[in-house]
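> This is the content of upload-v5.pdb (PDB, C-alpha atoms):
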ATOM      1  CA  MET A  29      15.431  -5.007 -12.359
ATOM      2  CA  GLY A  30      12.090  -5.774 -10.705
ATOM      3  CA  ILE A  31      13.468  -6.136  -7.184
ATOM      4  CA  LEU A  32      15.572  -2.980  -7.603
ATOM      5  CA  GLN A  33      12.446  -1.036  -8.597
ATOM      6  CA  HIS A  34      10.644  -2.337  -5.526
ATOM      7  CA  LEU A  35      13.581  -1.345  -3.334
ATOM      8  CA  ILE A  36      13.494   2.193  -4.733
ATOM      9  CA  ASN A  37       9.738   2.411  -4.138
ATOM     10  CA  GLY A  38      10.262   1.111  -0.600
ATOM     11  CA  ILE A  39      12.956   3.696   0.110
ATOM     12  CA  SER A  40      10.610   6.416  -1.151
ATOM     13  CA  ILE A  41       7.673   5.549   1.106
ATOM     14  CA  GLY A  42      10.124   4.685   3.890
ATOM     15  CA  ALA A  43      11.594   8.184   3.696
ATOM     16  CA  VAL A  44       8.104   9.603   4.334
ATOM     17  CA  TYR A  45       7.654   7.217   7.276
ATOM     18  CA  ALA A  46      11.039   8.405   8.547
ATOM     19  CA  ILE A  47       9.970  12.070   8.588
ATOM     20  CA  ILE A  48       6.769  11.172  10.450
ATOM     21  CA  ALA A  49       8.726   8.937  12.837
ATOM     22  CA  LEU A  50      11.095  11.827  13.566
ATOM     23  CA  GLY A  51       8.087  13.779  14.869
ATOM     24  CA  TYR A  52       7.123  10.898  17.170
ATOM     25  CA  THR A  53      10.734  10.569  18.302
ATOM     26  CA  MET A  54      11.122  14.280  19.084
ATOM     27  CA  VAL A  55       7.994  14.388  21.245
ATOM     28  CA  TYR A  56       8.626  11.102  23.029
ATOM     29  CA  GLY A  57      12.340  11.680  23.503
ATOM     30  CA  ILE A  58      11.848  15.070  25.160
ATOM     31  CA  ALA A  59       8.307  15.179  26.567
ATOM     32  CA  LYS A  60       8.037  11.397  27.179
ATOM     33  CA  MET A  61       4.606  11.411  25.542
ATOM     34  CA  LEU A  62       3.147   9.413  22.669
ATOM     35  CA  ASN A  63       1.203  11.870  20.517
ATOM     36  CA  PHE A  64      -1.145   9.578  18.594
ATOM     37  CA  ALA A  65      -2.773  12.645  17.028
ATOM     38  CA  HIS A  66       0.439  13.131  15.031
ATOM     39  CA  GLY A  67      -0.949  11.214  12.049
ATOM     40  CA  ASP A  68      -3.963  13.514  11.879
ATOM     41  CA  ILE A  69      -1.755  16.613  11.884
ATOM     42  CA  ILE A  70      -0.226  15.072   8.741
ATOM     43  CA  MET A  71      -3.693  15.014   7.224
ATOM     44  CA  VAL A  72      -4.343  18.656   8.179
ATOM     45  CA  GLY A  73      -1.056  19.704   6.584
ATOM     46  CA  ALA A  74      -1.949  17.954   3.341
ATOM     47  CA  TYR A  75      -5.393  19.609   3.250
ATOM     48  CA  ILE A  76      -3.910  23.063   3.852
ATOM     49  CA  SER A  77      -1.452  22.583   0.997
ATOM     50  CA  PHE A  78      -4.284  21.304  -1.234
ATOM     51  CA  CYS A  79      -6.504  24.322  -0.464
ATOM     52  CA  VAL A  80      -3.758  26.892  -0.988
ATOM     53  CA  THR A  81      -2.807  25.367  -4.340
ATOM     54  CA  ASN A  82      -6.243  24.518  -5.733
ATOM     55  CA  TYR A  83      -8.542  27.165  -4.244
ATOM     56  CA  LEU A  84      -6.205  30.148  -3.925
ATOM     57  CA  GLY A  85      -4.043  29.313  -6.950
ATOM     58  CA  LEU A  86      -0.803  30.098  -5.135
ATOM     59  CA  PRO A  87       2.558  28.454  -5.961
ATOM     60  CA  VAL A  88       3.490  25.092  -4.486
ATOM     61  CA  LEU A  89       6.229  26.462  -2.227
ATOM     62  CA  LEU A  90       3.786  28.889  -0.640
ATOM     63  CA  SER A  91       1.329  26.047  -0.066
ATOM     64  CA  VAL A  92       4.017  24.017   1.711
ATOM     65  CA  LEU A  93       4.988  27.050   3.812
ATOM     66  CA  ALA A  94       1.345  27.677   4.733
ATOM     67  CA  SER A  95       0.974  24.022   5.679
ATOM     68  CA  VAL A  96       4.041  24.184   7.941
ATOM     69  CA  VAL A  97       2.837  27.389   9.641
ATOM     70  CA  VAL A  98      -0.702  26.097  10.268
ATOM     71  CA  CYS A  99       0.475  22.712  11.568
ATOM     72  CA  THR A 100       3.099  24.326  13.806
ATOM     73  CA  LEU A 101       0.453  26.553  15.403
ATOM     74  CA  LEU A 102      -1.918  23.574  15.634
ATOM     75  CA  GLY A 103       0.728  21.507  17.410
ATOM     76  CA  ILE A 104       1.371  24.279  19.949
ATOM     77  CA  LEU A 105      -2.398  24.681  20.499
ATOM     78  CA  ILE A 106      -2.935  20.943  21.014
ATOM     79  CA  GLU A 107      -0.037  20.727  23.443
ATOM     80  CA  GLY A 108      -1.257  23.724  25.431
ATOM     81  CA  LEU A 109      -4.922  22.733  25.627
ATOM     82  CA  ALA A 110      -4.846  18.935  25.682
ATOM     83  CA  TYR A 111      -1.474  17.746  26.985
ATOM     84  CA  LYS A 112      -0.038  20.456  29.226
ATOM     85  CA  PRO A 113      -2.787  20.100  31.905
ATOM     86  CA  LEU A 114      -2.017  16.368  32.077
ATOM     87  CA  ARG A 115       1.667  16.619  32.978
ATOM     88  CA  GLY A 116       2.337  14.545  36.049
ATOM     89  CA  THR A 117      -0.765  12.391  35.498
ATOM     90  CA  PRO A 118      -0.644   8.664  34.627
ATOM     91  CA  SER A 119       0.400   7.932  31.038
ATOM     92  CA  LEU A 120      -2.972   6.272  30.368
ATOM     93  CA  ALA A 121      -4.723   9.645  30.720
ATOM     94  CA  VAL A 122      -2.385  11.180  28.130
ATOM     95  CA  LEU A 123      -2.926   8.231  25.784
ATOM     96  CA  ILE A 124      -6.716   8.497  25.987
ATOM     97  CA  THR A 125      -6.520  12.256  25.416
ATOM     98  CA  ALA A 126      -4.304  11.738  22.356
ATOM     99  CA  ILE A 127      -6.827   9.317  20.879
ATOM    100  CA  GLY A 128      -9.592  11.845  21.569
ATOM    101  CA  VAL A 129      -7.641  14.615  19.825
ATOM    102  CA  SER A 130      -7.089  12.278  16.873
ATOM    103  CA  TYR A 131     -10.816  11.592  16.476
ATOM    104  CA  PHE A 132     -11.592  15.292  16.889
ATOM    105  CA  LEU A 133      -9.223  16.255  14.056
ATOM    106  CA  GLN A 134     -10.578  13.552  11.765
ATOM    107  CA  ASN A 135     -14.199  14.558  12.302
ATOM    108  CA  ALA A 136     -13.405  18.272  12.042
ATOM    109  CA  ALA A 137     -11.673  17.625   8.709
ATOM    110  CA  GLN A 138     -14.701  15.671   7.520
ATOM    111  CA  LEU A 139     -17.019  18.562   8.433
ATOM    112  CA  ILE A 140     -14.787  21.139   6.729
ATOM    113  CA  TRP A 141     -13.648  19.299   3.609
ATOM    114  CA  GLY A 142     -16.137  16.434   3.355
ATOM    115  CA  SER A 143     -15.480  12.702   3.197
ATOM    116  CA  ALA A 144     -15.068  12.425  -0.572
ATOM    117  CA  PRO A 145     -11.486  11.702  -1.713
ATOM    118  CA  LYS A 146      -9.625  14.592  -3.305
ATOM    119  CA  ASN A 147      -6.914  14.305  -5.938
ATOM    120  CA  PHE A 148      -3.690  15.844  -4.680
ATOM    121  CA  THR A 149      -1.370  17.351  -7.291
ATOM    122  CA  SER A 150       2.294  16.426  -6.913
ATOM    123  CA  ILE A 151       4.523  19.223  -5.655
ATOM    124  CA  VAL A 152       7.203  18.454  -8.262
ATOM    125  CA  ASN A 153       7.019  18.243 -12.046
ATOM    126  CA  PHE A 154      10.410  16.971 -13.136
ATOM    127  CA  GLN A 155      10.830  14.293 -15.754
ATOM    128  CA  PRO A 156      11.418  10.834 -14.237
ATOM    129  CA  THR A 157      14.794   9.191 -14.697
ATOM    130  CA  VAL A 158      14.459   6.129 -16.927
ATOM    131  CA  LEU A 159      17.249   3.542 -16.903
ATOM    132  CA  PHE A 160      17.905   0.195 -18.583
ATOM    133  CA  ASP A 161      15.454   0.766 -21.448
ATOM    134  CA  GLY A 162      12.555   1.620 -19.166
ATOM    135  CA  ARG A 163      12.962  -1.324 -16.797
ATOM    136  CA  LEU A 164      13.946   1.010 -13.954
ATOM    137  CA  VAL A 165      12.104   4.295 -13.361
ATOM    138  CA  ILE A 166      13.079   6.763 -10.630
ATOM    139  CA  THR A 167      10.387   9.409 -10.290
ATOM    140  CA  ASP A 168      10.924  12.967  -9.137
ATOM    141  CA  GLU A 169       8.849  12.264  -6.003
ATOM    142  CA  VAL A 170      11.316   9.553  -4.973
ATOM    143  CA  ILE A 171      14.340  11.829  -5.377
ATOM    144  CA  ILE A 172      12.770  14.813  -3.594
ATOM    145  CA  THR A 173      11.410  12.669  -0.749
ATOM    146  CA  VAL A 174      14.732  10.980  -0.030
ATOM    147  CA  ILE A 175      16.663  14.274  -0.200
ATOM    148  CA  ILE A 176      14.238  16.078   2.131
ATOM    149  CA  SER A 177      14.223  13.161   4.557
ATOM    150  CA  ALA A 178      18.031  13.117   4.732
ATOM    151  CA  LEU A 179      18.195  16.908   5.167
ATOM    152  CA  VAL A 180      15.624  16.806   7.968
ATOM    153  CA  MET A 181      17.512  14.089   9.832
ATOM    154  CA  VAL A 182      20.868  15.873   9.532
ATOM    155  CA  SER A 183      19.319  19.223  10.526
ATOM    156  CA  LEU A 184      17.625  17.756  13.603
ATOM    157  CA  THR A 185      20.796  15.960  14.658
ATOM    158  CA  LEU A 186      22.816  19.170  14.408
ATOM    159  CA  PHE A 187      20.056  21.204  16.050
ATOM    160  CA  THR A 188      19.752  18.959  19.108
ATOM    161  CA  GLY A 189      23.498  18.451  19.415
ATOM    162  CA  LYS A 190      24.963  21.886  18.676
ATOM    163  CA  THR A 191      22.463  24.634  19.472
ATOM    164  CA  ARG A 192      21.592  26.079  22.867
ATOM    165  CA  VAL A 193      17.903  25.258  22.438
ATOM    166  CA  GLY A 194      18.725  21.722  21.320
ATOM    167  CA  LYS A 195      20.884  21.176  24.391
ATOM    168  CA  ALA A 196      18.022  22.464  26.531
ATOM    169  CA  MET A 197      15.774  19.858  24.900
ATOM    170  CA  ARG A 198      18.260  17.119  25.708
ATOM    171  CA  ALA A 199      18.477  18.342  29.303
ATOM    172  CA  VAL A 200      14.683  18.243  29.660
ATOM    173  CA  SER A 201      14.716  14.743  28.182
ATOM    174  CA  GLU A 202      17.297  13.531  30.718
ATOM    175  CA  ASP A 203      15.860  15.121  33.882
ATOM    176  CA  ARG A 204      13.026  17.629  33.737
ATOM    177  CA  ASP A 205      13.327  18.761  37.364
ATOM    178  CA  ALA A 206      17.097  19.242  37.183
ATOM    179  CA  ALA A 207      16.745  21.169  33.918
ATOM    180  CA  GLN A 208      14.235  23.516  35.540
ATOM    181  CA  LEU A 209      16.577  24.089  38.467
ATOM    182  CA  MET A 210      19.289  25.067  35.975
ATOM    183  CA  GLY A 211      17.064  27.818  34.570
ATOM    184  CA  ILE A 212      15.609  26.019  31.544
ATOM    185  CA  ASN A 213      12.002  26.885  30.756
ATOM    186  CA  VAL A 214      10.569  23.365  30.574
ATOM    187  CA  ASN A 215       7.107  24.413  29.368
ATOM    188  CA  ARG A 216       8.518  26.466  26.508
ATOM    189  CA  THR A 217      10.934  23.687  25.568
ATOM    190  CA  ILE A 218       8.155  21.097  25.372
ATOM    191  CA  SER A 219       5.960  23.486  23.361
ATOM    192  CA  LEU A 220       8.832  24.033  20.932
ATOM    193  CA  THR A 221       9.223  20.271  20.611
ATOM    194  CA  PHE A 222       5.565  19.910  19.640
ATOM    195  CA  ALA A 223       5.965  22.783  17.187
ATOM    196  CA  ILE A 224       8.927  21.085  15.466
ATOM    197  CA  GLY A 225       7.158  17.727  15.384
ATOM    198  CA  SER A 226       4.021  19.275  13.870
ATOM    199  CA  ALA A 227       6.068  21.160  11.262
ATOM    200  CA  LEU A 228       7.638  17.835  10.257
ATOM    201  CA  ALA A 229       4.140  16.346  10.055
ATOM    202  CA  ALA A 230       3.133  19.068   7.584
ATOM    203  CA  VAL A 231       6.119  18.301   5.347
ATOM    204  CA  ALA A 232       5.398  14.577   5.584
ATOM    205  CA  GLY A 233       1.735  15.124   4.675
ATOM    206  CA  VAL A 234       2.624  16.990   1.480
ATOM    207  CA  LEU A 235       5.229  14.370   0.495
ATOM    208  CA  LEU A 236       2.875  11.502   1.332
ATOM    209  CA  CYS A 237       0.089  12.849  -0.857
ATOM    210  CA  SER A 238       2.585  13.523  -3.649
ATOM    211  CA  THR A 239       3.477   9.830  -3.537
ATOM    212  CA  VAL A 240      -0.086   8.522  -2.949
ATOM    213  CA  PRO A 241      -2.275  11.294  -4.447
ATOM    214  CA  THR A 242      -5.552  10.570  -2.627
ATOM    215  CA  LEU A 243      -6.533  12.904   0.194
ATOM    216  CA  MET A 244      -9.176  12.001   2.810
ATOM    217  CA  PRO A 245      -9.815  12.812   6.503
ATOM    218  CA  THR A 246      -8.307   9.403   7.378
ATOM    219  CA  THR A 247      -5.257   9.887   5.134
ATOM    220  CA  GLY A 248      -2.781  10.190   7.999
ATOM    221  CA  ALA A 249      -4.142   7.387  10.190
ATOM    222  CA  MET A 250      -2.403   4.331   8.717
ATOM    223  CA  PRO A 251       0.851   6.116   7.771
ATOM    224  CA  GLY A 252       0.908   7.509  11.300
ATOM    225  CA  ILE A 253       0.636   4.028  12.805
ATOM    226  CA  ARG A 254       3.312   2.670  10.486
ATOM    227  CA  ALA A 255       5.602   5.605  11.253
ATOM    228  CA  PHE A 256       5.132   4.985  14.972
ATOM    229  CA  THR A 257       6.076   1.381  14.279
ATOM    230  CA  ALA A 258       9.161   2.649  12.428
ATOM    231  CA  ALA A 259      10.111   4.845  15.398
ATOM    232  CA  VAL A 260       9.847   1.904  17.799
ATOM    233  CA  PHE A 261      11.599  -0.349  15.285
ATOM    234  CA  GLY A 262      14.590   1.980  15.002
ATOM    235  CA  GLY A 263      14.628   2.897  18.695
ATOM    236  CA  ILE A 264      12.158   5.573  19.779
ATOM    237  CA  GLY A 265      13.983   8.643  21.026
ATOM    238  CA  SER A 266      16.805   8.169  18.520
ATOM    239  CA  ILE A 267      16.843  10.462  15.471
ATOM    240  CA  PRO A 268      19.035   8.146  13.324
ATOM    241  CA  GLY A 269      16.924   5.243  14.593
ATOM    242  CA  ALA A 270      13.736   6.871  13.293
ATOM    243  CA  MET A 271      15.363   7.351   9.893
ATOM    244  CA  LEU A 272      16.655   3.778   9.753
ATOM    245  CA  GLY A 273      13.380   2.341  11.005
ATOM    246  CA  GLY A 274      11.366   4.242   8.399
ATOM    247  CA  ILE A 275      13.550   3.164   5.476
ATOM    248  CA  VAL A 276      13.668  -0.488   6.567
ATOM    249  CA  LEU A 277       9.917  -0.541   7.185
ATOM    250  CA  GLY A 278       9.242   0.983   3.760
ATOM    251  CA  ILE A 279      11.411  -1.624   2.029
ATOM    252  CA  ILE A 280       9.724  -4.477   3.915
ATOM    253  CA  GLU A 281       6.295  -3.116   2.984
ATOM    254  CA  ALA A 282       7.196  -2.650  -0.699
ATOM    255  CA  LEU A 283       8.704  -6.135  -1.049
ATOM    256  CA  SER A 284       5.819  -7.825   0.764
ATOM    257  CA  LYS A 285       3.249  -6.077  -1.466
ATOM    258  CA  ALA A 286       5.236  -6.999  -4.572
ATOM    259  CA  TYR A 287       5.634 -10.699  -3.884
ATOM    260  CA  LEU A 288       2.724 -11.500  -1.562
ATOM    261  CA  PRO A 289      -0.993 -10.629  -1.466
ATOM    262  CA  ASN A 290      -1.550  -7.066  -0.222
ATOM    263  CA  GLN A 291      -3.486  -8.200   2.844
ATOM    264  CA  PHE A 292      -0.323  -9.809   4.231
ATOM    265  CA  SER A 293       1.824  -6.666   4.122
ATOM    266  CA  ASP A 294       0.665  -5.226   7.454
ATOM    267  CA  ALA A 295       0.990  -8.609   9.169
ATOM    268  CA  ILE A 296       4.568  -8.947   7.905
ATOM    269  CA  VAL A 297       5.506  -5.397   8.942
ATOM    270  CA  PHE A 298       4.198  -5.803  12.480
ATOM    271  CA  GLY A 299       5.535  -9.368  12.666
ATOM    272  CA  VAL A 300       9.036  -8.101  11.927
ATOM    273  CA  LEU A 301       8.575  -5.415  14.596
ATOM    274  CA  ILE A 302       7.572  -8.028  17.178
ATOM    275  CA  LEU A 303      10.581 -10.158  16.247
ATOM    276  CA  VAL A 304      12.985  -7.219  16.602
ATOM    277  CA  LEU A 305      11.521  -6.200  19.958
ATOM    278  CA  LEU A 306      11.816  -9.761  21.226
ATOM    279  CA  ILE A 307      15.506  -9.790  20.301
ATOM    280  CA  LYS A 308      16.297  -6.131  21.127
ATOM    281  CA  PRO A 309      13.463  -4.438  23.062
ATOM    282  CA  THR A 310      14.984  -0.955  22.711
ATOM    283  CA  GLY A 311      14.903  -1.131  18.897
ATOM    284  CA  LEU A 312      17.759  -1.198  16.429
ATOM    285  CA  LEU A 313      19.556   1.955  17.627
ATOM    286  CA  GLY A 314      17.858   2.493  20.981
ATOM    287  CA  LYS A 315      19.848   2.538  24.219
ATOM    288  CA  GLN A 316      19.028   0.687  27.397
ATOM    289  CA  VAL A 317      18.304   3.193  30.169
ATOM    290  CA  GLN A 318      18.530   2.157  33.794
ATOM    291  CA  GLU A 319      16.344   4.071  36.230
ATOM    292  CA  LYS A 320      17.192   4.533  39.874
ATOM    293  CA  VAL A 321      14.418   3.596  42.281
TER     294      VAL A 321
END
Show how you would write the structure in this file as structure tokens.

Amino acid sequence: MGILQHLINGISIGAVYAIIALGYTMVYGIAKMLNFAHGDIIMVGAYISFCVTNYLGLPVLLSVLASVVVCTLLGILIEGLAYKPLRGTPSLAVLITAIGVSYFLQNAAQLIWGSAPKNFTSIVNFQPTVLFDGRLVITDEVIITVIISALVMVSLTLFTGKTRVGKAMRAVSEDRDAAQLMGINVNRTISLTFAIGSALAAVAGVLLCSTVPTLMPTTGAMPGIRAFTAAVFGGIGSIPGAMLGGIVLGIIEALSKAYLPNQFSDAIVFGVLILVLLIKPTGLLGKQVQEKV
């Protein structure tokens, strides 16, 4: 039962990576930008939920809602102030700006909440499911995380494929100039994309701290990097690819930590990514796109 327990733990953390990776995928797929501040928005969302629950004494659902609202507004603000003026500039300028925004959010969080770790209370309080005389334990966090991750993926797939706004996003992703000529408001569409990605980051931050209940200004940094790896692994720009990449990455990480020294887990995760990209550079579910020159 040991390996099955590790697989369940890997699926749990992988589901969180998947939600974060979906945020990366949405922004890159539509705006063609890599928002490396995404991991720090996760951290902000977790802190907002922590403050609403512990300082204001409000219910958990309200804390999650407050986290989503704050992170959504933060994402729109970051896009408007930091990224919008850089449209049409070389991608290196956007990358450097994203790193600067990331450091700004980390240091602002340290000034506001301090650098000392805070204990995050889980958002769920159900009894864990115990099977095979205690040899297999499925916690409530695992069940809730997997369900939310699946619902988010299905909702985003339907949203981008069936709704008018989702089709506008796909049009902007394919050809921004042509979409604008067809009457689509490109600026508003990109802002909405950042809003959705930041809302997903808030949900991921709450779920992440429910699974690993230690909250610090650097909480979102490493999960953000691993989720970006998951997005590339599954095929960045693909919603099912982000989900698949997150789950597979979580399982690889859980198994490597279980059977090898912890310091090897990151090397194995990134080694597998390099191997996949050597064999299939577009990722597991990514599509090869040919550009006319």
> Once the PyMOL selection byres ((chain A and resi 280) around 12) has been applied to the shown file, what residues remain in the selection, as a PyMOL selection string?
chain A and resi 31+34-39+41-42+254+258+273-279+281-288+292-301
> Of the residues A:Gln33, A:Ser40, A:Ser219, A:Ser150, which is the one nearest to Lys112 in chain A, using all atoms listed in the file?
A:Ser219
> Applying the PyMOL selection byres ((chain A and resi 84-89) around 12) to the file I just gave you, which residues come out? Please list them as a PyMOL selection string.
chain A and resi 74+76-83+90-96+148-153+231+234-235+238
> Between A:Thr125, A:Ser226, A:Gln291, A:Thr185, which has the minimum distance to Val98 in chain A (counting all atoms listed in the file)?
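Among the listed residues, A:Ser226 lies closest to Val98 in chain A.
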> Place a sphere of radius 6 Å on (8.7, 16.4, 17.0) in the file coordinates and name every protein, DNA or RNA residue with an atom inside or on its surface, counting only C-alpha atoms; give the answer as a PyMOL selection string.
chain A and resi 51-52+54-55+221-222+224-225
> Between A:Val240, A:Ala65, A:Leu102, A:Leu186, which has the minimum distance to Val129 in chain A (counting only C-alpha atoms)?
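Closest to Val129 in chain A of all the choices is A:Ala65.
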> Have a look at A:Gly311, A:Gly67, A:Pro118, A:Gly194 and name the one nearest to Pro268 in chain A; count all atoms listed in the file.
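Smallest separation from Pro268 in chain A among the options: A:Gly311.
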> Would you translate the PyMOL selection byres ((chain A and resi 113-115) around 12) into the concrete set of residues it matches in this file, as a ChimeraX atom specification?
/A:59-61,106-112,116-126,204,214-215,218
> For CA of Ser143 in chain A and CA of Thr247 in chain A, quote the distance in Å rounded to one decimal.
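According to the coordinates, CA of Ser143 in chain A and CA of Thr247 in chain A are separated by 10.8 Å.
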> Using CA of Thr257 in chain A and CA of Gly269 in chain A as the two end points, give the distance in Å to one decimal.
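Result for CA of Thr257 in chain A versus CA of Gly269 in chain A: 11.5 Å, one decimal.
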> Work out how far CA of Leu312 in chain A is from CA of Phe261 in chain A, in Å to one decimal.
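We find that CA of Phe261 in chain A and CA of Leu312 in chain A lie 6.3 Å from each other.
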> I need the residue nearest Ala46 in chain A from this list: A:Thr191, A:Ile264, A:Ile58, A:Asp203. Use only C-alpha atoms for the distance.
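Distance minimum relative to Ala46 in chain A lands on A:Ile264.
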> Identify, on the basis of only C-alpha atoms, every residue whose closest approach to Thr242 in chain A does not exceed 7 Å; exclude the query and any residue fewer than 2 positions from it along the same chain; express the result as a PyMOL selection string.
chain A and resi 145-148+237+240+244
> Store the residues picked out above in a file with C-alpha atoms, as a PDB file, in the frame of the given file.

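Result saved to part.pdb:
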ATOM      1  CA  PRO A 145     -11.486  11.702  -1.713  1.00  0.00           C
ATOM      2  CA  LYS A 146      -9.625  14.592  -3.305  1.00  0.00           C
ATOM      3  CA  ASN A 147      -6.914  14.305  -5.938  1.00  0.00           C
ATOM      4  CA  PHE A 148      -3.690  15.844  -4.680  1.00  0.00           C
ATOM      5  CA  CYS A 237       0.089  12.849  -0.857  1.00  0.00           C
ATOM      6  CA  VAL A 240      -0.086   8.522  -2.949  1.00  0.00           C
ATOM      7  CA  MET A 244      -9.176  12.001   2.810  1.00  0.00           C
TER       8      MET A 244
END
> I need the residue nearest His66 in chain A from this list: A:Gly252, A:Gly128, A:Gly30, A:Pro241. Use only C-alpha atoms for the distance.
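Smallest separation from His66 in chain A among the options: A:Gly252.
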> Given 5 Å of margin on each side, can you work out the centre and size in Å (one decimal) of an axis-aligned box holding every listed atom of range 43-57 of chain A, as lines of an AutoDock Vina configuration file?

center_x = 9.6
center_y = 10.8
center_z = 13.6
size_x = 15.6
size_y = 17.2
size_z = 29.8
> List the neighbours of Trp141 in chain A out to 9 Å using only C-alpha atoms; skip same-chain residues closer than 4 positions along the sequence, and give me the result as number ranges by chain.
A: 75, 136-137, 244-245
